[in-house]
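Taking it in order: structure first as structure tokens, then the write-up.
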Amino acid sequence: MDYFDENGTVLLIDKPLKWTSFDAVKKIRWAGKFKKVGHAGTLDPLATGLLILCTGKKTKQIEQYQAQEKEYTGTFTLGTTTPSYDLETEFDKEFPTEHITKEALEEAVSKMTGLIEQTPPIFSAVKVNGRRAYDAARKGEEIKLKIREVEIKAFEIDDSNFPVIAFRIVCSKGTYIRSMANDFGKLLNSGAHLSSLRRTKIGGFSVNDAEDILAVAEKIRTIRESL
């Protein structure tokens, strides 16, 4: 790959745990001293997996990639909730899980497949009156986010490690898997949080073709210094 192509490049990165998407952007920008670097769809710090980075003129394609369907794998853990719907914040409530049957799980999956309505987590980058929702949430302010319609094209689960539920989800742009975890718990008359998340596909791109961010950054830096 020509990282310094005058038309820019598209990089497939396997984002490490605890890195922000912007951390990855900064790493590549610094390595190549690129003027323009952007990512095609945020991954939360506690998520891993496919992150598309574009440099130079290829940044014009970012919206095109963002619009494509996504595939995720991960786990929901039943019985506890957090304000952020994932492990970014501490547990705030506990719920019973003994009443949950395989039939109830299947019914919840069915109700959450196809076109569904969901509310983004308050700990999200959605803007409310010009501010990021997570800024208000971290200050303890009450905010109201708009319900949005998203499409869940596939939702498969494995309950063999109950109350931890493994899943594979294929969804449209704008879907919050954390909100799905929270809604899944509610449908089961219990509670749930997202305990792990990995993005495996964006459109036709797969995480199997992605590279380690540190290895890519080092290759780019070495090439730049030899030019």
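Labels for the structure tokens follow display order: chains A, B, ..., residues from 1 in each chain, ligands from 1.
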Please build the interface table for segment 100-218 of chain A against segment 50-54 of chain A with a cut-off of 6 Å, listing for each qualifying residue the nearest atom pair and the distance in Å to one decimal; count only C-alpha atoms, order rows by chain and increasing number, and write it as a tab-separated table.
```
residue	atom	partner	partner_atom	distance
A:Arg199	CA	A:Leu50	CA	5.4
A:Thr200	CA	A:Leu50	CA	5.8
A:Val207	CA	A:Leu50	CA	4.9
```
Selection: 9 Å around Ile177 of chain A, only C-alpha atoms, excl. self and same-chain fewer than 3 positions, as a ChimeraX atom specification: /A:72,169,180-182,194,197
Members of segment 7-166 of chain A assigned strand (DSSP E or B) by DSSP, as a PyMOL selection string: chain A and resi 10-15+37-39+47-55+70-78+80-81+93-94+114-118+127-128+131-132+148-161+164-166
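The gap separating atom CA of Thr119 of chain A from atom CA of Gly140 of chain A is 18.3 Å, in Å to one decimal.
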Top pick for closest residue to Phe162 of chain A, considering A:Thr97, A:Thr222, A:Thr59, A:Ser110 and counting only C-alpha atoms: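 Answer, going by the shortest atom-to-atom distance: A:Thr97.
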Atom pair atom CA of Ile62 of chain A / atom CA of Ala40 of chain A: separation (Å): 5.0 Å
Backbone-only DSSP, alpha helix (DSSP H) members of segment 55-185 of chain A, as JSON, numbers by chain: {"A": [62, 63, 64, 65, 66, 102, 103, 104, 105, 106, 107, 108, 109, 110, 111, 133, 134, 135, 136, 137, 138, 177, 178, 179, 180, 181, 182, 183, 184, 185]}
Distance criterion (only C-alpha atoms): nearest to Asp159 of chain A out of A:Ser206, A:Thr55, A:Thr80, A:Thr101: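 Closest residue, counting only C-alpha atoms: A:Thr101.
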Spatial neighbours of Asp86 of chain A, max dist 7 Å, only C-alpha atoms, sep filter under 5 positions, as a VMD selection string: chain A and resid 178 193 to 195
File dump, residues just selected, C-alpha atoms, as a PDB file, in the first residue's frame:
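The new file selection-v7.pdb reads:
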```
ATOM      1  CA  ARG A 178     -25.541  -0.094  24.279  1.00  0.00           C
ATOM      2  CA  HIS A 193     -25.647  -3.810  30.252  1.00  0.00           C
ATOM      3  CA  LEU A 194     -23.219  -4.146  27.362  1.00  0.00           C
ATOM      4  CA  SER A 195     -20.244  -6.055  28.769  1.00  0.00           C
TER       5      SER A 195
END
```
Which residues of segment 20-102 of chain A come within 12 Å of segment 209-221 of chain A, and what is each one's closest atom pair and distance in Å (one decimal), counting only C-alpha atoms, sorted by chain and residue number, as a Markdown table?
```
| residue | atom | partner | partner_atom | distance |
| --- | --- | --- | --- | --- |
| A:Ser21 | CA | A:Ile213 | CA | 11.1 |
| A:Asp23 | CA | A:Ile213 | CA | 10.1 |
| A:Ala24 | CA | A:Ile213 | CA | 7.0 |
| A:Val25 | CA | A:Ile213 | CA | 9.7 |
| A:Lys26 | CA | A:Ala217 | CA | 10.1 |
| A:Lys27 | CA | A:Ala217 | CA | 6.6 |
| A:Ile28 | CA | A:Ala217 | CA | 5.6 |
| A:Arg29 | CA | A:Ala217 | CA | 8.8 |
| A:Trp30 | CA | A:Arg221 | CA | 8.3 |
| A:Ala31 | CA | A:Arg221 | CA | 4.7 |
| A:Gly32 | CA | A:Arg221 | CA | 5.7 |
| A:Lys33 | CA | A:Arg221 | CA | 8.6 |
| A:Phe34 | CA | A:Ile220 | CA | 10.4 |
| A:Thr48 | CA | A:Asp212 | CA | 11.3 |
| A:Gly49 | CA | A:Ala210 | CA | 8.4 |
| A:Leu50 | CA | A:Ala210 | CA | 6.7 |
| A:Leu51 | CA | A:Ala210 | CA | 8.2 |
| A:Ile52 | CA | A:Ala210 | CA | 8.8 |
| A:Leu53 | CA | A:Ile213 | CA | 10.5 |
```
Keeping C-alpha atoms for every residue in the selection just given, could you write it to a file as an mmCIF file, in the first residue's frame?
```cif
data_model
loop_
_atom_site.group_PDB
_atom_site.id
_atom_site.type_symbol
_atom_site.label_atom_id
_atom_site.label_comp_id
_atom_site.auth_asym_id
_atom_site.auth_seq_id
_atom_site.Cartn_x
_atom_site.Cartn_y
_atom_site.Cartn_z
ATOM 1 C CA SER A 21 -11.365 6.615 17.728
ATOM 2 C CA ASP A 23 -6.621 8.462 19.482
ATOM 3 C CA ALA A 24 -6.226 6.318 16.348
ATOM 4 C CA VAL A 25 -6.664 9.343 14.089
ATOM 5 C CA LYS A 26 -4.019 11.280 16.019
ATOM 6 C CA LYS A 27 -1.588 8.360 15.886
ATOM 7 C CA ILE A 28 -1.775 8.092 12.093
ATOM 8 C CA ARG A 29 -1.737 11.864 11.585
ATOM 9 C CA TRP A 30 1.419 12.137 13.703
ATOM 10 C CA ALA A 31 3.130 9.168 12.017
ATOM 11 C CA GLY A 32 2.664 10.491 8.499
ATOM 12 C CA LYS A 33 2.436 14.226 9.241
ATOM 13 C CA PHE A 34 -0.785 14.108 7.216
ATOM 14 C CA THR A 48 -12.589 -3.057 19.822
ATOM 15 C CA GLY A 49 -12.620 -3.887 16.140
ATOM 16 C CA LEU A 50 -12.863 -2.384 12.706
ATOM 17 C CA LEU A 51 -12.172 1.310 12.349
ATOM 18 C CA ILE A 52 -11.842 2.817 8.866
ATOM 19 C CA LEU A 53 -9.379 5.702 8.681
#
```
Selected residue, from A:Gln118, A:Asn161, A:Trp19, A:Ser124, that lies nearest to Lys146 of chain A when counting only C-alpha atoms: A:Gln118
Top pick for closest residue to Ile157 of chain A, considering A:Ile143, A:Val126, A:Leu105, A:Cys171 and counting only C-alpha atoms: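 Nearest candidate to Ile157 of chain A out of A:Ile143, A:Val126, A:Leu105, A:Cys171: A:Leu105.
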Atom CA of Ala47 of chain A to atom CA of Leu145 of chain A, straight-line distance in Å: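 Taking atom CA of Leu145 of chain A and atom CA of Ala47 of chain A, their separation equals 22.5 Å.
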Lys153 of chain A environment, 7 Å, only C-alpha atoms, sequence neighbours closer than 2 positions dropped, as a VMD selection string: chain A and resid 113 to 114 151 155 170 to 171
Can you write out the residues you just picked, keeping N, CA, C and O atoms, as a PDB file, in the first residue's frame?
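Everything below was put into part-v4.pdb:
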```pdb
ATOM      1  N   THR A 113     -35.799  -7.190  16.286  1.00  0.00           N
ATOM      2  CA  THR A 113     -35.298  -7.420  14.931  1.00  0.00           C
ATOM      3  C   THR A 113     -36.201  -6.696  13.930  1.00  0.00           C
ATOM      4  O   THR A 113     -37.405  -6.630  14.116  1.00  0.00           O
ATOM      5  N   GLY A 114     -35.600  -6.133  12.891  1.00  0.00           N
ATOM      6  CA  GLY A 114     -36.343  -5.356  11.904  1.00  0.00           C
ATOM      7  C   GLY A 114     -36.240  -3.877  12.211  1.00  0.00           C
ATOM      8  O   GLY A 114     -35.255  -3.417  12.803  1.00  0.00           O
ATOM      9  N   GLU A 151     -32.594   0.041  11.865  1.00  0.00           N
ATOM     10  CA  GLU A 151     -32.952  -1.288  11.353  1.00  0.00           C
ATOM     11  C   GLU A 151     -31.956  -2.329  11.853  1.00  0.00           C
ATOM     12  O   GLU A 151     -30.748  -2.199  11.646  1.00  0.00           O
ATOM     13  N   PHE A 155     -30.077 -10.446  14.346  1.00  0.00           N
ATOM     14  CA  PHE A 155     -29.832 -10.433  15.790  1.00  0.00           C
ATOM     15  C   PHE A 155     -29.841 -11.889  16.258  1.00  0.00           C
ATOM     16  O   PHE A 155     -30.886 -12.529  16.309  1.00  0.00           O
ATOM     17  N   VAL A 170     -26.330  -7.313  13.045  1.00  0.00           N
ATOM     18  CA  VAL A 170     -26.093  -6.566  11.807  1.00  0.00           C
ATOM     19  C   VAL A 170     -27.132  -5.450  11.795  1.00  0.00           C
ATOM     20  O   VAL A 170     -28.337  -5.707  11.924  1.00  0.00           O
ATOM     21  N   CYS A 171     -26.676  -4.208  11.651  1.00  0.00           N
ATOM     22  CA  CYS A 171     -27.591  -3.085  11.838  1.00  0.00           C
ATOM     23  C   CYS A 171     -27.283  -1.920  10.916  1.00  0.00           C
ATOM     24  O   CYS A 171     -26.226  -1.848  10.296  1.00  0.00           O
TER      25      CYS A 171
END
```
Residue neighbourhood Phe123 of chain A, 9 Å, only C-alpha atoms, exclusion window fewer than 3 positions, as a list in words: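 The residues satisfying every condition are Pro83, Ser84, Tyr85, Pro120, Val126, Arg132, Ala133, Tyr134, Asp135, Ala136, Ala137 and Arg138 of chain A.
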